[in-house]
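So this block is input-v8.cif, mmCIF, C-alpha atoms:
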```
data_model
loop_
_atom_site.label_atom_id
_atom_site.label_comp_id
_atom_site.auth_asym_id
_atom_site.auth_seq_id
_atom_site.Cartn_x
_atom_site.Cartn_y
_atom_site.Cartn_z
CA MET A 1 0.00 0.00 0.00
CA ALA A 2 2.83 2.42 0.90
CA GLU A 3 4.56 1.64 -2.36
CA GLN A 4 1.32 2.29 -4.27
CA ARG A 5 0.90 5.69 -2.54
CA ARG A 6 4.54 6.59 -3.35
CA ASP A 7 4.02 5.68 -7.00
CA GLN A 8 0.86 7.76 -7.12
CA ARG A 9 2.68 10.70 -5.54
CA ASP A 10 5.55 10.39 -8.02
CA GLU A 11 3.08 10.36 -10.91
CA ARG A 12 1.32 13.46 -9.52
CA ASP A 13 4.62 15.29 -8.98
CA ALA A 14 5.78 14.48 -12.51
CA ARG A 15 2.44 15.72 -13.87
CA ASP A 16 2.69 18.95 -11.85
CA GLY A 17 6.34 19.54 -12.75
CA VAL A 18 7.62 19.03 -9.19
CA GLN A 19 11.32 18.11 -8.97
CA ASP A 20 13.19 16.24 -6.26
CA VAL A 21 14.83 19.38 -4.92
CA PRO A 22 16.73 17.97 -1.90
CA GLU A 23 18.81 15.70 -4.15
CA ARG A 24 19.64 18.54 -6.55
CA ARG A 25 20.69 21.32 -4.23
CA GLY A 26 21.99 22.14 -0.80
CA ARG A 27 19.51 22.28 2.02
CA GLY A 28 17.80 25.58 2.68
CA VAL A 29 18.98 27.42 -0.45
CA SER A 30 16.84 28.95 -3.16
CA ALA A 31 16.54 27.56 -6.66
CA GLU A 32 18.53 30.58 -7.94
CA VAL A 33 21.41 29.88 -5.55
CA ALA A 34 21.31 26.17 -6.36
CA HIS A 35 21.48 26.89 -10.09
CA ALA A 36 24.36 29.35 -9.60
CA TRP A 37 26.26 26.81 -7.47
CA GLU A 38 25.85 24.16 -10.18
CA ALA A 39 27.27 26.61 -12.75
CA LEU A 40 30.13 27.55 -10.41
CA MET A 41 31.08 23.88 -9.92
CA ALA A 42 31.00 23.31 -13.69
CA THR A 43 33.24 26.32 -14.32
CA ALA A 44 35.71 25.30 -11.62
CA ARG A 45 35.97 21.80 -13.09
CA ARG A 46 36.44 23.29 -16.53
CA THR A 47 39.51 25.24 -15.37
CA VAL A 48 41.10 21.96 -14.36
CA ALA A 49 40.03 20.06 -17.48
CA ASP A 50 41.45 22.79 -19.73
CA GLY A 51 44.76 22.95 -17.88
CA LEU A 52 44.31 26.40 -16.38
CA VAL A 53 44.44 25.06 -12.83
CA VAL A 54 46.40 22.27 -11.16
CA GLY A 55 44.73 20.68 -8.16
CA THR A 56 42.95 23.38 -6.16
CA SER A 57 45.23 26.26 -7.18
CA GLY A 58 42.47 28.48 -8.62
CA ASN A 59 39.08 29.67 -7.46
CA VAL A 60 35.74 30.86 -8.81
CA SER A 61 32.96 33.07 -7.50
CA VAL A 62 29.51 34.12 -8.66
CA ARG A 63 27.21 36.69 -7.11
CA VAL A 64 23.51 36.12 -6.41
CA GLY A 65 21.94 39.24 -4.95
CA ASP A 66 24.11 40.27 -2.01
CA THR A 67 25.58 36.79 -1.60
CA VAL A 68 28.85 35.73 -3.22
CA LEU A 69 29.16 32.00 -3.81
CA VAL A 70 32.79 30.86 -3.80
CA THR A 71 34.75 27.67 -4.17
CA PRO A 72 35.85 26.37 -0.75
CA SER A 73 39.51 26.23 0.25
CA GLY A 74 41.51 23.11 -0.55
CA VAL A 75 38.64 20.97 -1.86
CA PRO A 76 39.23 19.26 -5.25
CA TYR A 77 36.57 20.47 -7.66
CA ASP A 78 35.56 16.99 -8.72
CA ARG A 79 34.55 16.29 -5.12
CA LEU A 80 32.22 19.27 -4.77
CA THR A 81 28.52 18.47 -4.51
CA PRO A 82 25.31 20.52 -4.36
CA GLU A 83 25.43 20.09 -0.57
CA ASP A 84 28.78 21.94 -0.41
CA VAL A 85 27.36 25.35 -1.38
CA THR A 86 29.58 28.01 0.21
CA GLY A 87 28.65 31.68 0.32
CA VAL A 88 29.59 34.95 2.00
CA ASP A 89 28.14 38.44 2.11
CA LEU A 90 29.98 41.42 0.64
CA ASP A 91 31.76 41.95 3.96
CA GLY A 92 33.11 38.41 3.89
CA ARG A 93 30.86 36.95 6.59
CA GLN A 94 29.91 33.38 5.79
CA VAL A 95 26.17 33.03 5.22
CA LEU A 96 25.97 29.68 3.45
CA GLY A 97 27.65 26.35 4.16
CA THR A 98 30.27 25.17 6.63
CA LEU A 99 33.31 24.75 4.38
CA VAL A 100 35.99 27.44 4.67
CA PRO A 101 35.84 29.81 1.66
CA THR A 102 38.79 30.18 -0.72
CA SER A 103 41.88 31.86 0.70
CA GLU A 104 41.68 34.35 -2.18
CA LEU A 105 38.36 35.73 -0.91
CA PRO A 106 39.76 39.29 -0.54
CA MET A 107 40.41 39.51 -4.30
CA HIS A 108 36.98 38.17 -5.21
CA LEU A 109 35.19 40.50 -2.81
CA ALA A 110 37.24 43.49 -3.98
CA ILE A 111 35.94 42.95 -7.51
CA HIS A 112 32.35 42.26 -6.47
CA ARG A 113 32.30 45.40 -4.29
CA THR A 114 33.74 47.76 -6.90
CA THR A 115 32.13 46.51 -10.13
CA ASP A 116 28.72 45.34 -11.28
CA THR A 117 30.19 41.99 -12.28
CA ARG A 118 28.50 38.72 -11.44
CA ALA A 119 31.39 36.28 -11.86
CA VAL A 120 35.14 36.05 -11.19
CA VAL A 121 37.67 33.40 -12.24
CA HIS A 122 41.19 33.12 -10.82
CA THR A 123 43.75 30.64 -12.18
CA HIS A 124 47.43 29.76 -12.09
CA ALA A 125 47.55 29.24 -15.87
CA VAL A 126 51.14 28.36 -16.76
CA HIS A 127 51.80 30.68 -19.73
CA ALA A 128 50.09 33.64 -18.10
CA THR A 129 52.00 33.08 -14.88
CA ALA A 130 55.27 32.86 -16.83
CA VAL A 131 54.56 36.18 -18.52
CA SER A 132 53.76 37.75 -15.15
CA THR A 133 57.37 37.14 -14.11
CA LEU A 134 58.85 38.82 -17.20
CA VAL A 135 57.06 42.10 -17.94
CA PRO A 136 54.92 44.76 -16.20
CA GLU A 137 52.34 44.53 -18.99
CA LEU A 138 51.56 41.88 -21.59
CA PRO A 139 52.97 43.18 -24.88
CA THR A 140 50.25 43.94 -27.42
CA ILE A 141 50.79 40.79 -29.45
CA HIS A 142 47.16 40.44 -30.52
CA TYR A 143 44.15 42.71 -30.95
CA MET A 144 41.98 40.52 -28.70
CA ALA A 145 43.54 42.37 -25.78
CA GLY A 146 40.99 44.99 -26.76
CA ALA A 147 38.26 42.62 -25.60
CA LEU A 148 39.74 42.89 -22.10
CA GLY A 149 39.78 46.68 -22.19
CA GLY A 150 43.30 47.17 -23.55
CA PRO A 151 46.86 46.06 -22.76
CA VAL A 152 46.78 43.65 -19.83
CA ARG A 153 48.67 44.91 -16.79
CA VAL A 154 50.59 42.89 -14.21
CA ALA A 155 49.68 43.53 -10.58
CA PRO A 156 52.79 43.70 -8.35
CA TYR A 157 53.43 40.65 -6.20
CA ALA A 158 51.97 40.36 -2.71
CA THR A 159 51.29 37.36 -0.49
CA TYR A 160 48.32 35.30 -1.62
CA GLY A 161 45.09 35.95 0.23
CA SER A 162 46.26 39.35 1.47
CA ASP A 163 44.48 42.70 1.31
CA GLU A 164 47.64 44.09 -0.31
CA LEU A 165 47.28 41.68 -3.21
CA ALA A 166 43.61 42.62 -3.62
CA GLU A 167 44.56 46.30 -3.71
CA ASN A 168 47.34 45.71 -6.26
CA MET A 169 44.90 43.74 -8.40
CA LEU A 170 42.29 46.53 -8.36
CA HIS A 171 44.86 49.03 -9.64
CA ALA A 172 45.79 46.65 -12.47
CA LEU A 173 42.11 46.21 -13.35
CA VAL A 174 41.28 49.89 -13.83
CA ASP A 175 39.39 50.02 -17.18
CA ARG A 176 40.19 46.33 -17.69
CA THR A 177 38.30 43.06 -17.19
CA ALA A 178 41.40 40.92 -16.64
CA CYS A 179 44.92 41.22 -15.31
CA LEU A 180 47.99 39.17 -14.48
CA LEU A 181 49.21 38.71 -10.92
CA GLN A 182 53.01 38.76 -10.68
CA ASN A 183 54.50 35.32 -9.93
CA HIS A 184 50.97 34.10 -9.29
CA GLY A 185 48.41 33.84 -12.11
CA THR A 186 45.37 35.49 -13.67
CA MET A 187 42.23 37.29 -12.57
CA ALA A 188 39.26 37.93 -14.85
CA TYR A 189 35.65 38.89 -14.35
CA GLY A 190 32.47 39.15 -16.38
CA SER A 191 28.71 39.42 -16.31
CA THR A 192 28.46 35.62 -16.41
CA LEU A 193 30.67 32.69 -15.48
CA ASP A 194 31.06 31.82 -19.15
CA GLN A 195 32.27 35.33 -19.94
CA ALA A 196 34.73 35.38 -17.03
CA TYR A 197 36.03 31.97 -18.07
CA ASP A 198 36.34 32.95 -21.75
CA ARG A 199 38.35 36.06 -20.80
CA THR A 200 40.64 33.90 -18.68
CA ALA A 201 41.20 31.46 -21.55
CA GLN A 202 41.78 34.33 -24.01
CA LEU A 203 44.39 35.86 -21.71
CA GLU A 204 46.22 32.55 -21.34
CA TRP A 205 46.20 32.12 -25.14
CA MET A 206 47.67 35.59 -25.72
CA CYS A 207 50.39 34.93 -23.16
CA ARG A 208 51.24 31.65 -24.85
CA LEU A 209 51.30 33.42 -28.23
CA TRP A 210 53.72 36.07 -27.00
CA LEU A 211 56.02 33.54 -25.35
CA THR A 212 56.04 31.43 -28.52
CA ALA A 213 56.81 34.36 -30.82
CA SER A 214 59.45 35.72 -28.44
CA SER A 215 61.26 32.39 -28.31
CA VAL A 216 62.40 32.50 -31.97
CA PRO A 217 66.16 33.20 -31.87
CA GLY A 218 67.24 36.52 -33.36
CA MET A 219 63.70 37.80 -33.91
CA SER A 220 61.20 39.89 -32.00
CA PRO A 221 57.44 39.77 -32.54
CA THR A 222 55.69 42.71 -34.16
CA LEU A 223 53.46 44.48 -31.67
CA LEU A 224 50.32 46.52 -32.23
CA SER A 225 50.38 50.25 -31.55
CA ARG A 226 48.13 51.93 -28.98
CA GLU A 227 46.10 53.38 -31.85
CA GLN A 228 45.63 49.96 -33.43
CA MET A 229 44.63 48.51 -30.07
CA ALA A 230 42.12 51.30 -29.46
CA GLU A 231 40.56 50.79 -32.89
CA ALA A 232 40.28 47.03 -32.34
CA GLY A 233 38.80 47.55 -28.88
CA GLU A 234 36.12 49.85 -30.26
CA LYS A 235 35.22 47.37 -32.98
CA LEU A 236 35.10 44.47 -30.52
CA ARG A 237 32.39 46.23 -28.51
CA GLY A 238 29.97 45.38 -31.31
CA TYR A 239 31.24 41.84 -31.82
CA GLY A 240 28.84 38.91 -31.73
CA GLN A 241 25.08 38.61 -31.93
CA ARG A 242 22.90 41.47 -30.78
CA LYS A 243 20.26 40.52 -28.26
#
```

Starting from the file, give its structure as structure tokens.
Amino acid sequence: MAEQRRDQRDERDARDGVQDVPERRGRGVSAEVAHAWEALMATARRTVADGLVVGTSGNVSVRVGDTVLVTPSGVPYDRLTPEDVTGVDLDGRQVLGTLVPTSELPMHLAIHRTTDTRAVVHTHAVHATAVSTLVPELPTIHYMAGALGGPVRVAPYATYGSDELAENMLHALVDRTACLLQNHGTMAYGSTLDQAYDRTAQLEWMCRLWLTASSVPGMSPTLLSREQMAEAGEKLRGYGQRK
């Protein structure tokens, strides 16, 4: 009899469009937060799959209202589950979950407080990190730097997780949507996780391009002028499909 009632309930729920919410999301969170956490986990795993992160060396955040969901510290991304949702308010107070937030929380919060962005991706991408040790600004090897606001700056080194590093990063991000962190990695943000990720991947590709071109003995790569970069940046603002 109990089994018959359960089957009848399942049939009614399927007919009414009811989903088994507890198995799909952390307890006590809204559908919007649950969806954002799913997207955050997917983006974090993508950074590893695409070689932008080794182990747990990067981190991702996405904002939902006044709550910033972040990857927890030291937890491999393939082990994250819907129950692991971790969130803080804009002052850094934990409001969701019990796992300790990423150690790079100051950088994420600095961006969320000072921009209208919704998503931030931080990686230790190898080519970008290599470039960060060589120059104060990524040479203008390709016009796609215009999609990031212009020549990509390198934020001076500071200890990871420190307020000093967050401050250095903000200076490097003035009028930019991505920057390099000296002897550390990359930081990029966007209106969506996909956009923040794509900007991260684009930056890593440009760094790899410059390193490759610069490695040819006896030759130096041709660089674009500021005027050429500005023209490309203006044109890129209209790139893609109009909504």

What's around segment 149-163 of chain A at 6 Å? Count all atoms listed in the file, leave out sequence neighbours fewer than 3 positions away in its own chain, and write the answer as a list in words. Ser103, Glu104, Pro136, Glu137, Leu138, Ala145, Gly146, Ala166, Asn168, Met169, Ala172, Arg176, Cys179, Leu180, Leu181 and Gln182 of chain A

Quick one: which residues end up in the PyMOL selection byres ((chain A and resi 109-126) around 6) for this structure, as a list of chain:residue names? A:Leu52, A:Val53, A:Gly58, A:Asn59, A:Val60, A:Ser61, A:Val62, A:Arg63, A:Pro106, A:Met107, A:His108, A:His127, A:Ala128, A:Thr129, A:Gly185, A:Thr186, A:Met187, A:Ala188, A:Tyr189, A:Gly190, A:Ser191, A:Thr192, A:Leu193, A:Ala196

List as a count of residues only the protein and nucleic acid residues near Pro139 of chain A, meaning an atom at most 12 Å away when all atoms listed in the file are counted, but skip any in the same chain fewer than 4 places from it. 29

For Ala39 of chain A, which of A:Ala230, A:Ala178, A:Met219, A:Val70 is the closest residue, counting only C-alpha atoms? A:Val70

Hey, what comes out of the PyMOL selection byres ((chain A and resi 75-88) around 7) on this file? Could you write it as a list in words? Arg24, Arg25, Gly26, Arg27, Trp37, Glu38, Met41, Ala44, Arg45, Gly55, Thr56, Thr67, Val68, Leu69, Val70, Thr71, Pro72, Ser73, Gly74, Asp89, Leu90, Gly92, Arg93, Gln94, Val95, Leu96, Gly97, Leu99 and Pro101 of chain A

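Going from atom CA of Gly65 of chain A to atom CA of Val33 of chain A covers 9.4 Å.
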
If you measure from atom CA of Leu40 of chain A to atom CA of Gly233 of chain A, what distance in Å do you get, rounded to one decimal? 28.6 Å

So how far away is atom CA of Gln228 of chain A from atom CA of His142 of chain A, in Å? 10.1 Å

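When all atoms listed in the file are used to compute distances to Asn183 of chain A, the closest of the residues A:Glu227, A:His35, A:Ala42, A:Leu165 turns out to be A:Leu165.
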